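Shown next: coords.cif, containing mmCIF, C-alpha atoms.
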data_work
#
loop_
_atom_site.label_atom_id
_atom_site.label_comp_id
_atom_site.auth_asym_id
_atom_site.auth_seq_id
_atom_site.Cartn_x
_atom_site.Cartn_y
_atom_site.Cartn_z
CA MET A 1 24.33 7.42 -19.74
CA ALA A 2 21.63 7.96 -17.13
CA THR A 3 19.92 11.32 -16.88
CA CYS A 4 19.24 13.10 -13.63
CA GLU A 5 16.78 15.91 -13.09
CA CYS A 6 16.69 17.87 -9.85
CA ASN A 7 13.62 19.84 -8.74
CA LEU A 8 12.14 21.07 -5.46
CA VAL A 9 9.77 18.56 -3.88
CA GLY A 10 7.60 21.42 -2.61
CA LEU A 11 6.78 22.29 -6.22
CA LEU A 12 5.71 18.72 -7.12
CA ASN A 13 1.94 18.63 -7.56
CA ILE A 14 0.77 15.03 -7.68
CA ASN A 15 -2.95 15.77 -7.26
CA TYR A 16 -3.39 14.22 -3.79
CA SER A 17 -3.36 16.03 -0.47
CA GLY A 18 -1.21 14.98 2.46
CA ILE A 19 1.49 13.11 0.54
CA ILE A 20 4.65 12.60 2.60
CA SER A 21 6.61 10.59 0.05
CA ALA A 22 6.21 8.82 -3.28
CA ASN A 23 8.72 6.49 -4.92
CA ILE A 24 8.86 4.45 -8.09
CA ASP A 25 11.34 1.61 -8.47
CA GLY A 26 11.53 -1.56 -10.52
CA GLY A 27 13.33 -3.44 -13.20
CA THR A 28 13.18 -5.52 -16.37
CA THR A 29 13.53 -9.29 -16.44
CA VAL A 30 16.71 -10.15 -18.36
CA GLU A 31 17.78 -13.78 -18.85
CA ILE A 32 20.25 -15.65 -21.02
CA SER A 33 19.07 -18.83 -22.73
CA ASP A 34 21.14 -22.03 -22.95
CA GLU A 35 21.99 -20.97 -26.51
CA GLY A 36 23.37 -17.63 -25.32
CA LEU A 37 20.43 -15.49 -26.47
CA ILE A 38 19.49 -12.51 -24.33
CA LEU A 39 15.81 -12.71 -23.44
CA LEU A 40 13.99 -9.60 -22.26
CA GLY A 41 10.82 -9.92 -20.24
CA ALA A 42 8.43 -7.57 -18.57
CA THR A 43 9.37 -4.38 -16.79
CA ILE A 44 7.67 -4.46 -13.39
CA ASN A 45 7.67 -1.35 -11.21
CA THR A 46 6.53 -0.59 -7.68
CA LEU A 47 4.89 2.67 -6.64
CA SER A 48 5.11 3.38 -2.90
CA ILE A 49 3.10 6.22 -1.40
CA SER A 50 3.12 7.44 2.20
CA ALA A 51 0.57 10.06 3.25
CA TYR A 52 -1.34 11.56 6.14
CA ALA A 53 -4.60 9.64 6.56
CA PHE A 54 -6.86 12.60 7.23
CA SER A 55 -8.17 15.58 5.33
CA PRO A 56 -6.85 19.08 6.13
CA GLY A 57 -8.48 20.12 9.39
CA GLY A 58 -9.64 16.54 10.06
CA ASP A 59 -9.11 14.22 13.02
CA TRP A 60 -5.39 13.35 13.19
CA PHE A 61 -6.10 10.17 15.15
CA LEU A 62 -9.13 8.83 13.21
CA GLY A 63 -11.13 8.39 16.41
CA VAL A 64 -8.63 6.21 18.32
CA SER A 65 -6.82 6.94 21.57
CA CYS A 66 -4.52 3.89 21.67
CA PRO A 67 -2.06 2.81 18.95
CA SER A 68 -3.95 1.01 16.18
CA THR A 69 -3.16 -0.41 12.75
CA ALA A 70 -5.01 -1.71 9.73
CA GLN A 71 -3.31 -3.71 7.00
CA ALA A 72 -4.18 -5.66 3.89
CA GLN A 73 -2.32 -7.58 1.20
CA VAL A 74 -3.33 -8.57 -2.30
CA GLN A 75 -1.20 -11.10 -4.16
CA TRP A 76 -1.02 -10.94 -7.94
CA VAL A 77 0.06 -13.58 -10.45
CA GLN A 78 1.97 -11.82 -13.22
CA LYS A 79 1.70 -13.38 -16.67
CA TYR A 80 3.85 -11.91 -19.41
CA ASP A 81 2.57 -12.11 -23.02
CA CYS A 82 5.80 -11.88 -25.01
CA PHE A 83 3.96 -11.74 -28.36
CA ASN A 84 2.14 -8.54 -27.38
CA ASP A 85 4.71 -7.27 -24.83
CA THR A 86 1.99 -7.04 -22.17
CA THR A 87 1.88 -8.17 -18.55
CA HIS A 88 -1.44 -9.36 -17.15
CA PHE A 89 -2.11 -9.08 -13.41
CA ILE A 90 -4.41 -11.79 -12.04
CA PRO A 91 -5.45 -11.65 -8.36
CA LYS A 92 -4.17 -14.74 -6.53
CA SER A 93 -6.05 -14.24 -3.28
CA GLY A 94 -8.13 -11.24 -2.54
CA GLY A 95 -7.85 -9.12 0.48
CA LYS A 96 -6.30 -10.88 3.50
CA ALA A 97 -6.49 -8.18 6.17
CA SER A 98 -6.31 -7.33 9.86
CA ILE A 99 -7.12 -4.53 12.28
CA THR A 100 -5.22 -4.14 15.54
CA GLY A 101 -6.72 -1.90 18.20
CA GLY A 102 -9.36 0.43 16.86
CA PRO A 103 -12.05 0.90 15.88
CA ILE A 104 -10.53 3.26 13.32
CA SER A 105 -12.75 5.80 11.54
CA GLY A 106 -13.04 4.98 7.85
CA VAL A 107 -11.78 1.39 8.22
CA THR A 108 -13.94 -1.76 8.19
CA LEU A 109 -13.23 -5.46 7.84
CA GLU A 110 -16.03 -6.55 5.50
CA CYS A 111 -15.49 -10.29 6.03
CA ASP A 112 -14.90 -10.76 9.74
CA PRO A 113 -14.91 -14.44 10.84
CA ASN A 114 -14.38 -13.28 14.45
CA VAL A 115 -10.75 -14.43 14.65
CA VAL A 116 -9.39 -12.33 17.52
CA THR A 117 -5.99 -12.63 19.21
CA ASP A 118 -4.29 -10.58 21.92
CA THR A 119 -1.29 -8.42 21.02
CA PHE A 120 1.36 -6.92 23.26
CA SER A 121 4.00 -4.22 22.67
CA ALA A 122 6.65 -3.09 25.16
CA ASN A 123 9.72 -1.00 24.42
CA ALA A 124 11.97 0.42 27.14
CA GLN A 125 14.13 2.37 24.70
CA SER A 126 12.80 5.64 26.17
CA GLY A 127 13.30 4.40 29.72
CA PRO A 128 11.70 1.96 32.16
CA SER A 129 8.70 4.21 32.81
CA THR A 130 7.55 3.93 29.18
CA ALA A 131 3.99 2.59 28.89
CA TYR A 132 3.32 -0.77 27.28
CA ILE A 133 0.26 -1.60 25.21
CA THR A 134 -2.02 -4.64 25.10
CA THR A 135 -4.82 -4.78 22.56
CA GLU A 136 -6.63 -7.13 20.17
CA ARG A 137 -5.94 -8.08 16.58
CA ARG A 138 -8.87 -9.03 14.35
CA ASP A 139 -8.07 -11.06 11.20
CA GLY A 140 -10.29 -11.43 8.17
CA PHE A 141 -10.68 -10.44 4.55
CA ASN A 142 -11.68 -7.42 2.50
CA LEU A 143 -10.44 -4.38 4.33
CA ARG A 144 -12.32 -1.28 3.24
CA TYR A 145 -10.66 2.12 3.69
CA THR A 146 -12.75 5.20 2.89
CA GLY A 147 -10.18 7.79 4.00
CA THR A 148 -7.67 9.90 2.12
CA PRO A 149 -5.79 10.11 -0.14
CA ILE A 150 -6.71 6.82 -1.95
CA GLN A 151 -9.66 4.68 -0.93
CA VAL A 152 -9.17 0.91 -1.14
CA GLU A 153 -11.19 -2.28 -0.93
CA SER A 154 -8.76 -5.18 -0.72
CA GLY A 155 -11.40 -7.89 -1.29
CA SER A 156 -12.18 -6.56 -4.77
CA PRO A 157 -8.79 -6.47 -6.50
CA ARG A 158 -8.87 -4.00 -9.37
CA PRO A 159 -6.65 -1.53 -11.17
CA TYR A 160 -6.29 1.97 -9.70
CA VAL A 161 -5.62 5.02 -11.84
CA ILE A 162 -3.13 7.21 -10.01
CA ASN A 163 -2.47 10.73 -11.26
CA LEU A 164 1.08 11.78 -10.45
CA GLY A 165 0.73 15.23 -12.02
CA PRO A 166 3.77 16.02 -14.18
CA LEU A 167 4.94 12.40 -13.88
CA GLY A 168 1.84 11.14 -15.68
CA VAL A 169 -1.13 8.88 -15.02
CA LEU A 170 -0.43 5.27 -14.05
CA THR A 171 -2.65 2.19 -13.97
CA VAL A 172 -1.50 0.28 -10.89
CA TYR A 173 -2.51 -2.73 -8.77
CA LEU A 174 -2.61 -2.61 -4.96
CA GLN A 175 -0.13 -5.01 -3.30
CA SER A 176 -0.28 -3.80 0.28
CA PHE A 177 -1.97 -1.23 2.47
CA ASN A 178 -0.90 -0.22 5.98
CA LEU A 179 -2.50 2.39 8.21
CA ASN A 180 -0.74 3.31 11.45
CA VAL A 181 -2.32 5.49 14.14
CA SER A 182 -0.15 6.19 17.20
CA PRO A 183 -1.41 9.23 19.13
CA PRO A 184 -0.06 11.86 19.62
CA SER A 185 1.53 11.35 16.18
CA PRO A 186 -0.79 11.85 13.19
CA ALA A 187 -2.23 8.85 11.34
CA ILE A 188 -0.11 7.74 8.37
CA VAL A 189 -1.13 5.44 5.53
CA ASN A 190 1.28 3.53 3.27
CA TYR A 191 0.41 2.00 -0.08
CA SER A 192 2.40 -0.29 -2.34
CA PHE A 193 1.25 -0.73 -5.93
CA VAL A 194 2.71 -2.78 -8.78
CA PHE A 195 2.53 -1.84 -12.46
CA THR A 196 4.26 -2.33 -15.79
CA GLY A 197 6.37 0.39 -17.29
#
Before anything else, please render the file you have as structure tokens.
Amino acid sequence: MATCECNLVGLLNINYSGIISANIDGGTTVEISDEGLILLGATINTLSISAYAFSPGGDWFLGVSCPSTAQAQVQWVQKYDCFNDTTHFIPKSGGKASITGGPISGVTLECDPNVVTDTFSANAQSGPSTAYITTERRDGFNLRYTGTPIQVESGSPRPYVINLGPLGVLTVYLQSFNLNVSPPSPAIVNYSFVFTG
């Protein structure tokens, strides 16, 4: 039978400032062979973190006045060693990234081949007098984020050690990073990490 523990989120100290939400989800590979044997594989989990992208008292908009985003993805090949019950994470392609709008304080595209396209966003949900936005999207590789709470460099895939306070310390691998700045709303950063459990 599953256990359930209920605590107040305000009392959860996970050693990072500005956390809005944190979730862990995943599962174990279970297969049945042609002979009817149950085969258990790796347990792969995902850690998702959403947080404010500025330090207390810092610039809510990271220096931008128009909506801007920065995103990066890192793909991992997962190889399960059934003899040692270990999963190895091997980077498949490092650091495909883009910045839309900007420039955003604390965000750089380290490998910028000058691939720029126009973007457009219109939404009349709030009425016909709602403003629409045109801006540029810059595609490249190796997005570097030096802000809070977790700094990333997508072009150098590596393990991150994340301290979740009473939940323990995890060694995780960055899958995706997304920073969204839409003044007058504060800048929010979202991370997705993969790990074995």
- Message: Give me, as number ranges by chain, all polymer residues having an atom no more than 7 Å from Gly140 of chain A, counting only C-alpha atoms and skipping those fewer than 5 positions away in the same chain.
- Response: A: 96-98, 109, 111-113
- Task: Quick one: pull the distance between atom CA of Pro159 of chain A and atom CA of Leu174 of chain A, Å, one decimal.
- Result: 7.5 Å
- Query: Of the candidates A:Ser50, A:Thr28, A:Thr108, A:Asn23, which shows the shortest atom-to-atom distance to Ile150 of chain A, using all atoms listed in the file?
  - Reply: A:Ser50
- Message: Could you list, as a ChimeraX atom specification, every residue matched by the PyMOL selection byres ((chain A and resi 186) around 6) in this structure?
- Response: /A:60-61,185,187
- Query: Using all atoms listed in the file, which of A:Thr43, A:Val152, A:Gly27, A:Gly197 sits nearest Leu179 of chain A?
  - Reply: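 Closest candidate: A:Val152.
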- Message: Residues near Ser105 of chain A, anyone? I mean within 12 Å using all atoms listed in the file, not counting same-chain ones fewer than 5 positions away, as a list in words.
- Response: Ala53, Phe54, Gly58, Asp59, Trp60, Phe61, Leu62, Gly63, Val64, Ser65, Ser68, Thr69, Ala70, Ile99, Arg144, Tyr145, Thr146, Gly147, Thr148, Leu179, Val181 and Ala187 of chain A
- Selection dump of the PyMOL selection byres ((chain A and resi 163) around 12), as JSON, numbers by chain: {"A": [13, 14, 15, 16, 22, 47, 149, 150, 160, 161, 162, 164, 165, 166, 167, 168, 169, 170, 171, 172]}
- Message: Suppose a student applies the PyMOL selection byres ((chain A and resi 122-137) around 7) to this structure; what residues should they get, written as number ranges by chain?
- Response: A: 98-101, 116-121, 138-139
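Atom to atom, atom CA of Asp81 of chain A and atom CA of Tyr191 of chain A stand 27.0 Å apart.
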- Task: Between atom CA of Ser156 of chain A and atom CA of Asn45 of chain A, measure the distance and give it in Å to one decimal.
- Result: 21.5 Å
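Residue nearest Val194 of chain A within the list A:Ser17, A:Thr29, A:Gln71, A:Ser176: A:Ser176 [criterion: smallest interatomic distance, all atoms listed in the file].
Using all atoms listed in the file, the shortest contact distance between His88 of chain A and any of A:Ile20, A:Glu153, A:Ala42, A:Pro67 is found at A:Ala42.
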- Task: Have a look at A:Gln78, A:Gln151, A:Ser192, A:Gln175 and name the one nearest to Ile90 of chain A; count only C-alpha atoms.
- Result: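 Smallest distance to Ile90 of chain A is found for A:Gln78.
For the choices A:Ile19, A:Val74, A:Ile104, A:Leu40, the atom-to-atom distance to Phe193 of chain A is smallest for A:Val74 when using all atoms listed in the file.
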- Contact residues around Thr86 of chain A with all atoms listed in the file at 9 Å, ignoring same-chain residues under 6 positions, as a PyMOL selection string: chain A and resi 42+79-80+196
Using the file's own x, y and z axes, what box holds all listed atoms of segment 117-129 of chain A with 8 Å on each side, keeping edges along x, y and z, and what are its centre and edge lengths in Å to one decimal, as JSON?
{"center_x": 4.1, "center_y": -3.5, "center_z": 26.0, "size_x": 36.1, "size_y": 34.3, "size_z": 29.6}
Atom completion result for segment 30-53 of chain A (N, CA, C and O atoms) as a PDB file, in the coordinates of the input:
ATOM      1  N   VAL A  30      15.713  -9.876 -17.319  1.00  0.00           N
ATOM      2  CA  VAL A  30      16.710 -10.150 -18.360  1.00  0.00           C
ATOM      3  C   VAL A  30      17.309 -11.518 -18.047  1.00  0.00           C
ATOM      4  O   VAL A  30      17.824 -11.749 -16.953  1.00  0.00           O
ATOM      5  N   GLU A  31      17.225 -12.437 -19.021  1.00  0.00           N
ATOM      6  CA  GLU A  31      17.780 -13.780 -18.850  1.00  0.00           C
ATOM      7  C   GLU A  31      18.580 -14.163 -20.082  1.00  0.00           C
ATOM      8  O   GLU A  31      18.380 -13.609 -21.166  1.00  0.00           O
ATOM      9  N   ILE A  32      19.466 -15.114 -19.894  1.00  0.00           N
ATOM     10  CA  ILE A  32      20.250 -15.650 -21.020  1.00  0.00           C
ATOM     11  C   ILE A  32      19.863 -17.099 -21.200  1.00  0.00           C
ATOM     12  O   ILE A  32      19.901 -17.889 -20.250  1.00  0.00           O
ATOM     13  N   SER A  33      19.481 -17.452 -22.435  1.00  0.00           N
ATOM     14  CA  SER A  33      19.070 -18.830 -22.730  1.00  0.00           C
ATOM     15  C   SER A  33      20.295 -19.740 -22.777  1.00  0.00           C
ATOM     16  O   SER A  33      21.447 -19.276 -22.777  1.00  0.00           O
ATOM     17  N   ASP A  34      20.052 -21.049 -22.829  1.00  0.00           N
ATOM     18  CA  ASP A  34      21.140 -22.030 -22.950  1.00  0.00           C
ATOM     19  C   ASP A  34      21.944 -21.820 -24.219  1.00  0.00           C
ATOM     20  O   ASP A  34      23.118 -22.176 -24.280  1.00  0.00           O
ATOM     21  N   GLU A  35      21.311 -21.226 -25.232  1.00  0.00           N
ATOM     22  CA  GLU A  35      21.990 -20.970 -26.510  1.00  0.00           C
ATOM     23  C   GLU A  35      22.720 -19.642 -26.516  1.00  0.00           C
ATOM     24  O   GLU A  35      23.312 -19.257 -27.524  1.00  0.00           O
ATOM     25  N   GLY A  36      22.670 -18.902 -25.409  1.00  0.00           N
ATOM     26  CA  GLY A  36      23.370 -17.630 -25.320  1.00  0.00           C
ATOM     27  C   GLY A  36      22.572 -16.431 -25.792  1.00  0.00           C
ATOM     28  O   GLY A  36      23.124 -15.341 -25.931  1.00  0.00           O
ATOM     29  N   LEU A  37      21.279 -16.614 -26.058  1.00  0.00           N
ATOM     30  CA  LEU A  37      20.430 -15.490 -26.470  1.00  0.00           C
ATOM     31  C   LEU A  37      19.997 -14.683 -25.247  1.00  0.00           C
ATOM     32  O   LEU A  37      19.681 -15.242 -24.195  1.00  0.00           O
ATOM     33  N   ILE A  38      19.986 -13.382 -25.399  1.00  0.00           N
ATOM     34  CA  ILE A  38      19.490 -12.510 -24.330  1.00  0.00           C
ATOM     35  C   ILE A  38      17.987 -12.388 -24.480  1.00  0.00           C
ATOM     36  O   ILE A  38      17.479 -11.980 -25.535  1.00  0.00           O
ATOM     37  N   LEU A  39      17.269 -12.752 -23.435  1.00  0.00           N
ATOM     38  CA  LEU A  39      15.810 -12.710 -23.440  1.00  0.00           C
ATOM     39  C   LEU A  39      15.335 -11.598 -22.512  1.00  0.00           C
ATOM     40  O   LEU A  39      15.715 -11.559 -21.341  1.00  0.00           O
ATOM     41  N   LEU A  40      14.547 -10.699 -23.049  1.00  0.00           N
ATOM     42  CA  LEU A  40      13.990  -9.600 -22.260  1.00  0.00           C
ATOM     43  C   LEU A  40      12.544  -9.919 -21.925  1.00  0.00           C
ATOM     44  O   LEU A  40      11.774 -10.331 -22.783  1.00  0.00           O
ATOM     45  N   GLY A  41      12.183  -9.699 -20.682  1.00  0.00           N
ATOM     46  CA  GLY A  41      10.820  -9.920 -20.240  1.00  0.00           C
ATOM     47  C   GLY A  41      10.147  -8.615 -19.876  1.00  0.00           C
ATOM     48  O   GLY A  41      10.510  -7.542 -20.363  1.00  0.00           O
ATOM     49  N   ALA A  42       9.224  -8.726 -18.962  1.00  0.00           N
ATOM     50  CA  ALA A  42       8.430  -7.570 -18.570  1.00  0.00           C
ATOM     51  C   ALA A  42       9.221  -6.630 -17.667  1.00  0.00           C
ATOM     52  O   ALA A  42      10.120  -7.049 -16.952  1.00  0.00           O
ATOM     53  N   THR A  43       8.865  -5.365 -17.735  1.00  0.00           N
ATOM     54  CA  THR A  43       9.370  -4.380 -16.790  1.00  0.00           C
ATOM     55  C   THR A  43       8.293  -4.193 -15.731  1.00  0.00           C
ATOM     56  O   THR A  43       7.182  -3.765 -16.034  1.00  0.00           O
ATOM     57  N   ILE A  44       8.618  -4.556 -14.492  1.00  0.00           N
ATOM     58  CA  ILE A  44       7.670  -4.460 -13.390  1.00  0.00           C
ATOM     59  C   ILE A  44       8.180  -3.387 -12.425  1.00  0.00           C
ATOM     60  O   ILE A  44       9.323  -3.420 -11.994  1.00  0.00           O
ATOM     61  N   ASN A  45       7.319  -2.451 -12.095  1.00  0.00           N
ATOM     62  CA  ASN A  45       7.670  -1.350 -11.210  1.00  0.00           C
ATOM     63  C   ASN A  45       6.793  -1.377  -9.958  1.00  0.00           C
ATOM     64  O   ASN A  45       5.688  -1.936  -9.968  1.00  0.00           O
ATOM     65  N   THR A  46       7.280  -0.750  -8.917  1.00  0.00           N
ATOM     66  CA  THR A  46       6.530  -0.590  -7.680  1.00  0.00           C
ATOM     67  C   THR A  46       6.387   0.898  -7.384  1.00  0.00           C
ATOM     68  O   THR A  46       7.365   1.638  -7.446  1.00  0.00           O
ATOM     69  N   LEU A  47       5.171   1.308  -7.080  1.00  0.00           N
ATOM     70  CA  LEU A  47       4.890   2.670  -6.640  1.00  0.00           C
ATOM     71  C   LEU A  47       4.567   2.609  -5.155  1.00  0.00           C
ATOM     72  O   LEU A  47       3.633   1.910  -4.747  1.00  0.00           O
ATOM     73  N   SER A  48       5.348   3.305  -4.346  1.00  0.00           N
ATOM     74  CA  SER A  48       5.110   3.380  -2.900  1.00  0.00           C
ATOM     75  C   SER A  48       4.692   4.797  -2.555  1.00  0.00           C
ATOM     76  O   SER A  48       5.351   5.757  -2.966  1.00  0.00           O
ATOM     77  N   ILE A  49       3.602   4.913  -1.810  1.00  0.00           N
ATOM     78  CA  ILE A  49       3.100   6.220  -1.400  1.00  0.00           C
ATOM     79  C   ILE A  49       2.884   6.202   0.104  1.00  0.00           C
ATOM     80  O   ILE A  49       2.290   5.263   0.653  1.00  0.00           O
ATOM     81  N   SER A  50       3.362   7.236   0.774  1.00  0.00           N
ATOM     82  CA  SER A  50       3.120   7.440   2.200  1.00  0.00           C
ATOM     83  C   SER A  50       2.421   8.789   2.333  1.00  0.00           C
ATOM     84  O   SER A  50       2.824   9.772   1.710  1.00  0.00           O
ATOM     85  N   ALA A  51       1.356   8.827   3.149  1.00  0.00           N
ATOM     86  CA  ALA A  51       0.570  10.060   3.250  1.00  0.00           C
ATOM     87  C   ALA A  51      -0.101  10.156   4.612  1.00  0.00           C
ATOM     88  O   ALA A  51      -0.248   9.159   5.324  1.00  0.00           O
ATOM     89  N   TYR A  52      -0.509  11.377   4.964  1.00  0.00           N
ATOM     90  CA  TYR A  52      -1.340  11.560   6.140  1.00  0.00           C
ATOM     91  C   TYR A  52      -2.726  11.023   5.826  1.00  0.00           C
ATOM     92  O   TYR A  52      -3.251  11.226   4.722  1.00  0.00           O
ATOM     93  N   ALA A  53      -3.339  10.335   6.791  1.00  0.00           N
ATOM     94  CA  ALA A  53      -4.600   9.640   6.560  1.00  0.00           C
ATOM     95  C   ALA A  53      -5.815  10.445   6.976  1.00  0.00           C
ATOM     96  O   ALA A  53      -6.819   9.885   7.407  1.00  0.00           O
TER      97      ALA A  53
END
